[in-house]
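Visitor: Supplied in structure tokens, the structure appears directly below.
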Amino acid sequence: MKTAVAFAVCACVVILVSAAAEQQKSKNCNEVRTAYSSKGFNINDVPNKGVHGAHLKVCPQGFSCCTLEMEEKLSQQSHTDLKAPVSQLSSSLQSTFTQRHQHFDQFFKELLNNAEKSLHDMFVRTYGVMYVKNAELFKHFFHELRRYYASGGASVHLDGMLSDFWAELLERMFRLVNVQYEFSDAYMECVSRHTEQLKPFGDVPRKLRLQLTRAFVAARTFTLGLALIPDVVSKVSTVSASPSCVRAAMKMLYCPYCSGQVALKPCKNYCLNVMRGCLANQADLDTEWNNFLDAMLSLAERLEGPFNFESVMDPIDVKISDAIMNMQENSMQVSQKVFQGCGQPKPMFRSKRSTKDSGFPGRFRPYSPDARPTTAAGTNMDRLVTDVKKKLKHAKKFWSTLPDTVCVGDRVAQADECWNGTAKSRYESVVMGSGLANQVSNPHVEVDITKPDIVIRKQIAVLKEMTSWLKAAHSGNDITFDNEEDGSGEESGSGCDSPSCKIDTDIYFPTPTPFKPRMVHEDKSSSGVRLSPSSLALALAGLALALLAPRAR
């Protein structure tokens with residue numbers, strides 16, 4: 001019994017001594033003076049001993065180490081301290097996607113440059129001066145692809161540009177395989193109008209149209225999406241804290257100073273309620289933000305697969321050459337269809353023909369893979385997409401989880417050893433949900449849920465629009481501009497729906513009976529050479545591949 005009494009007495013003494021020590025510490029403001037001056041404020045603002053806090057507007061008005069002037073300065077500091085972790089997180093997100101946008105943009109542009117260089121080198125080697133004379137056709141082709149990538153359908157109608165390219169290529173080749181005839185501009189316009197019906201290049205134009213359109217729409221829209229992320233983050237970061245938010249931050253961060261407990265951290269749930277009240281508008285961005293990121297991830301999958309920009313651009317020189325070879329093999333049939341549809345052309349006098357235009361150095365010989373340019377930007381599509389997908393996934397729920405990201409580590413304290421807004425004790429209030437609508441009963445921050453922030457609302461609208469562009473690009477559509485012709489929003493790469501594609505080919509170009517080249521006998525006294533039908537066909541084939549002779553306008 002005596003032992004128990006002695007223990008109780010000792011315990012009481014310890015408690016009284018501890019309480020006295022705390023009281024003495026609170027009366028002595030030395031720790032507050034040190035902490036206050038470390039923030040860059042004048043140490044002389046702090047009283048040597050505690051005073052009654054009746055003058056204070058935010059912190060508890062009992063015994064205090066704060067004056068009104070100190071409270072005002074610490075209130076300004078709390079505003080800065082509130083913004084710091086949010087700005088740090090936002091800046092990191094901005095930097096991440098600014099870099100990814102630069103990587104993708106550089107990659108796509110270098111792929112275009114490499115593809116043009118590869119075609120140029122191959123054609124110079126194979127066709128020599130004949131290609132050089134007509135290289136502007138291909139140079140213009142790549143120039144238009146670059147313009148589309150940079151400015152979209154508002155500057156270049158991709159389908160129209162590709163149709164013009166094949167029509168021009170047909171016109172030049174048609175003149176070469178029929179050098180014995182003279183063609184007027186009107187006649188060649190007749191030929192050009194029916195390029196798709198003639199199909200002189202086989203199925204290559206249709207397939208290349210599908211591949212190019214889908215790949216370019218996907219690549220361009222994806223880079224627009226990457227560029228949008230840092231822009232949205234930057235604009236949202238400009239939203240300032242409300243007076244009620246600053247007041248709540250001051251009470252959470254610096255009122256412990258006034259009570260002399262400079263090392264005391266806010267309770268975690270207390271911090272969450274303050275931050276969710278302060279960032280209520282930003283949290284409302286989350287739904288559209290996540291929808292946008294899902295659309296980006298979905299389009300990224302396309303870039304890895306059927307809409308892979310790299311797999312389309314790298315072999316484009318070979319594909320165009322395949323088309324030329326198709327024309328070579330079918331030149332006689334194509335010519336017969338044209339003659340039946342557009343009329344028999346006038347023969348050209350022998351003196352008008354140029355022997356320079358009929359020569360050709362040899363058949364198409366593609367480069368080996370080792371001779372191709374190095375991979376653009378020192379990487380490849382798979383690596384870029386794999387990396388950016390990780391970043392996109394990590395960015396999901398960024399805005400709604402900002403309070404949880406801020407209220408961690410040494411910024412908060414656990415259990416009962418924390419500041420609850422009035423004292424060092426357990427925090428009892430219920431934690432509010434995220435978003436504006438959930439702040440009606442926030443115990444610390446007054447939020448007017450009827451007045452959403454204008455900047456945030458505008459960014460929500462921007463994200464919605466970009467999401468619709470991304471979803472359209474996922475299907476091969478470019479809706480980043482209004483179709484000036486009919487506004488139909490036709491799916492890019494879905495095939496030709498123009499009236500000219502629906503006209504029965506036989507109306508203009510009935511299929512003739514197979515054309516049989518006749519035997520050609522030359523005077524044996526001159527050469528003694530007899531040309532067989534196959535020899536004649538090969539001769540015409542050589543002329544066909546000399547596509548690059550100047551147009552005889």
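Please note that chains go A, B, ... in the order of the structure tokens, that every chain numbers its residues from 1, and that ligands are numbered from 1 in the order shown.
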Can you list, as a PyMOL selection string, every protein, DNA or RNA residue that comes within 12 Å of Ser95 in chain A when you count only C-alpha atoms, leaving out same-chain residues fewer than 2 positions away?
Guide: chain A and resi 87-93+97-102+226-227+229-231+233-234+391
Visitor: Rounded to one decimal in Å, what is the spacing between CA of Glu69 in chain A and CA of Val32 in chain A?
Guide: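 It comes out at 14.5 Å.
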Visitor: Per DSSP on the backbone, filter range 190-405 of chain A down to the residues in strand (DSSP E or B) and report them as a list in words.
Guide: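 Result set for range 190-405 of chain A (strand (DSSP E or B)): Pro266, Cys267, Lys346 and Pro347 of chain A.
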Visitor: Between CA of Glu144 in chain A and CA of Met325 in chain A, measure the distance and give it in Å to one decimal.
Guide: 24.1 Å
Visitor: Excluding same-chain residues fewer than 2 positions from Thr467 in chain A, what lies within 9 Å of it counting only C-alpha atoms, as a list in words?
Guide: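 My list of contacting residues is Gly225, Glu288, Asn291, Phe292, Leu293, Asp294, Ala295, Met296, Val462, Leu463, Lys464, Glu465, Trp469, Leu470, Lys471 and Ala472 of chain A.
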Visitor: Filtering to N, CA, C and O atoms, could you give me those residues as a PDB file, in the first residue's frame?
Guide:
```pdb
ATOM      1  N   GLY A 225      -1.274  17.057 -77.736  1.00  0.00           N
ATOM      2  CA  GLY A 225      -1.667  16.673 -76.382  1.00  0.00           C
ATOM      3  C   GLY A 225      -0.533  16.815 -75.389  1.00  0.00           C
ATOM      4  O   GLY A 225      -0.728  17.306 -74.266  1.00  0.00           O
ATOM      5  N   GLU A 288     -11.930  15.615 -66.058  1.00  0.00           N
ATOM      6  CA  GLU A 288     -11.544  15.829 -67.461  1.00  0.00           C
ATOM      7  C   GLU A 288     -10.065  15.581 -67.685  1.00  0.00           C
ATOM      8  O   GLU A 288      -9.655  15.149 -68.763  1.00  0.00           O
ATOM      9  N   ASN A 291      -9.777  11.861 -68.084  1.00  0.00           N
ATOM     10  CA  ASN A 291     -10.317  11.473 -69.392  1.00  0.00           C
ATOM     11  C   ASN A 291      -9.320  11.781 -70.501  1.00  0.00           C
ATOM     12  O   ASN A 291      -9.121  10.992 -71.429  1.00  0.00           O
ATOM     13  N   PHE A 292      -8.710  12.949 -70.403  1.00  0.00           N
ATOM     14  CA  PHE A 292      -7.704  13.369 -71.381  1.00  0.00           C
ATOM     15  C   PHE A 292      -6.504  12.425 -71.368  1.00  0.00           C
ATOM     16  O   PHE A 292      -6.023  11.985 -72.423  1.00  0.00           O
ATOM     17  N   LEU A 293      -6.006  12.092 -70.168  1.00  0.00           N
ATOM     18  CA  LEU A 293      -4.852  11.200 -70.068  1.00  0.00           C
ATOM     19  C   LEU A 293      -5.185   9.801 -70.581  1.00  0.00           C
ATOM     20  O   LEU A 293      -4.338   9.147 -71.217  1.00  0.00           O
ATOM     21  N   ASP A 294      -6.407   9.339 -70.344  1.00  0.00           N
ATOM     22  CA  ASP A 294      -6.828   8.035 -70.880  1.00  0.00           C
ATOM     23  C   ASP A 294      -6.820   8.055 -72.402  1.00  0.00           C
ATOM     24  O   ASP A 294      -6.416   7.079 -73.050  1.00  0.00           O
ATOM     25  N   ALA A 295      -7.285   9.174 -72.986  1.00  0.00           N
ATOM     26  CA  ALA A 295      -7.284   9.307 -74.450  1.00  0.00           C
ATOM     27  C   ALA A 295      -5.853   9.350 -74.993  1.00  0.00           C
ATOM     28  O   ALA A 295      -5.558   8.798 -76.056  1.00  0.00           O
ATOM     29  N   MET A 296      -4.953  10.015 -74.257  1.00  0.00           N
ATOM     30  CA  MET A 296      -3.549  10.050 -74.653  1.00  0.00           C
ATOM     31  C   MET A 296      -2.943   8.636 -74.614  1.00  0.00           C
ATOM     32  O   MET A 296      -2.213   8.224 -75.534  1.00  0.00           O
ATOM     33  N   VAL A 462     -10.944  23.224 -72.299  1.00  0.00           N
ATOM     34  CA  VAL A 462      -9.807  22.954 -73.199  1.00  0.00           C
ATOM     35  C   VAL A 462      -9.483  21.464 -73.202  1.00  0.00           C
ATOM     36  O   VAL A 462      -9.242  20.862 -74.260  1.00  0.00           O
ATOM     37  N   LEU A 463      -9.482  20.851 -72.035  1.00  0.00           N
ATOM     38  CA  LEU A 463      -9.202  19.418 -71.933  1.00  0.00           C
ATOM     39  C   LEU A 463     -10.269  18.585 -72.630  1.00  0.00           C
ATOM     40  O   LEU A 463      -9.960  17.581 -73.289  1.00  0.00           O
ATOM     41  N   LYS A 464     -11.528  18.995 -72.498  1.00  0.00           N
ATOM     42  CA  LYS A 464     -12.616  18.284 -73.177  1.00  0.00           C
ATOM     43  C   LYS A 464     -12.421  18.297 -74.686  1.00  0.00           C
ATOM     44  O   LYS A 464     -12.593  17.284 -75.363  1.00  0.00           O
ATOM     45  N   GLU A 465     -12.072  19.468 -75.209  1.00  0.00           N
ATOM     46  CA  GLU A 465     -11.883  19.587 -76.659  1.00  0.00           C
ATOM     47  C   GLU A 465     -10.708  18.730 -77.129  1.00  0.00           C
ATOM     48  O   GLU A 465     -10.816  18.012 -78.133  1.00  0.00           O
ATOM     49  N   TRP A 469     -10.414  15.462 -79.818  1.00  0.00           N
ATOM     50  CA  TRP A 469      -9.439  15.370 -80.920  1.00  0.00           C
ATOM     51  C   TRP A 469      -8.670  14.056 -80.842  1.00  0.00           C
ATOM     52  O   TRP A 469      -8.439  13.388 -81.855  1.00  0.00           O
ATOM     53  N   LEU A 470      -8.255  13.692 -79.624  1.00  0.00           N
ATOM     54  CA  LEU A 470      -7.490  12.468 -79.433  1.00  0.00           C
ATOM     55  C   LEU A 470      -8.314  11.231 -79.772  1.00  0.00           C
ATOM     56  O   LEU A 470      -7.809  10.293 -80.403  1.00  0.00           O
ATOM     57  N   LYS A 471      -9.573  11.240 -79.376  1.00  0.00           N
ATOM     58  CA  LYS A 471     -10.444  10.101 -79.683  1.00  0.00           C
ATOM     59  C   LYS A 471     -10.681   9.984 -81.186  1.00  0.00           C
ATOM     60  O   LYS A 471     -10.750   8.874 -81.734  1.00  0.00           O
ATOM     61  N   ALA A 472     -10.812  11.123 -81.856  1.00  0.00           N
ATOM     62  CA  ALA A 472     -10.982  11.105 -83.308  1.00  0.00           C
ATOM     63  C   ALA A 472      -9.707  10.584 -83.981  1.00  0.00           C
ATOM     64  O   ALA A 472      -9.770   9.773 -84.911  1.00  0.00           O
TER      65      ALA A 472
END
```
Visitor: Select, from A:Cys258, A:Ala150, A:Leu112, A:Met252, the residue with the minimum atom-to-atom distance to Arg33 in chain A, counting only C-alpha atoms.
Guide: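 The answer is A:Cys258, which sits nearest to Arg33 in chain A.
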Visitor: For Cys407 in chain A, list every protein, DNA or RNA residue within 6 Å, evaluated using only C-alpha atoms, and leave out those in the same chain fewer than 3 positions away; present the list as an NGL selection string.
Guide: :A and (271 or 403-404)
Visitor: Can I get the selection written as a compact mmCIF listing (two decimals), in the first residue's frame, with C-alpha atoms?
Guide:
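Here's the written file again-v4.txt:
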```txt
# COMPACT_ATOMS: atom_id res chain seq x y z
CA CYS A 271 -3.72 19.44 -43.01
CA PRO A 403 -3.54 17.60 -50.73
CA ASP A 404 -2.46 14.01 -49.98
```
Visitor: With only C-alpha atoms as the counted atoms, please give the residues lying no more than 12 Å from Asp81 in chain A, apart from itself and same-chain residues fewer than 6 positions off, as a list in words.
Guide: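 Listing them by chain and then by number gives Lys39, Leu74, Ser75, Ser87, Gln88, Ala241, Val246, Ala249, Met250, Met252, Leu253, Tyr254, Val406 and Arg411 of chain A.
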Visitor: With DSSP run on the backbone, what are the helix (DSSP H, G or I) residues within range 200-301 of chain A? I'd like them as a PyMOL selection string.
Guide: chain A and resi 204-237+243-253+255-258+268-278+280-283+286-301
Visitor: Go through A:Arg220, A:Phe41, A:Val262, A:Val51 one by one, measure the shortest atom-to-atom distance of each to Cys418 in chain A using only C-alpha atoms, and give the residue with the smallest value.
Guide: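 With only C-alpha atoms as the atom set, the closest residue is A:Val262.
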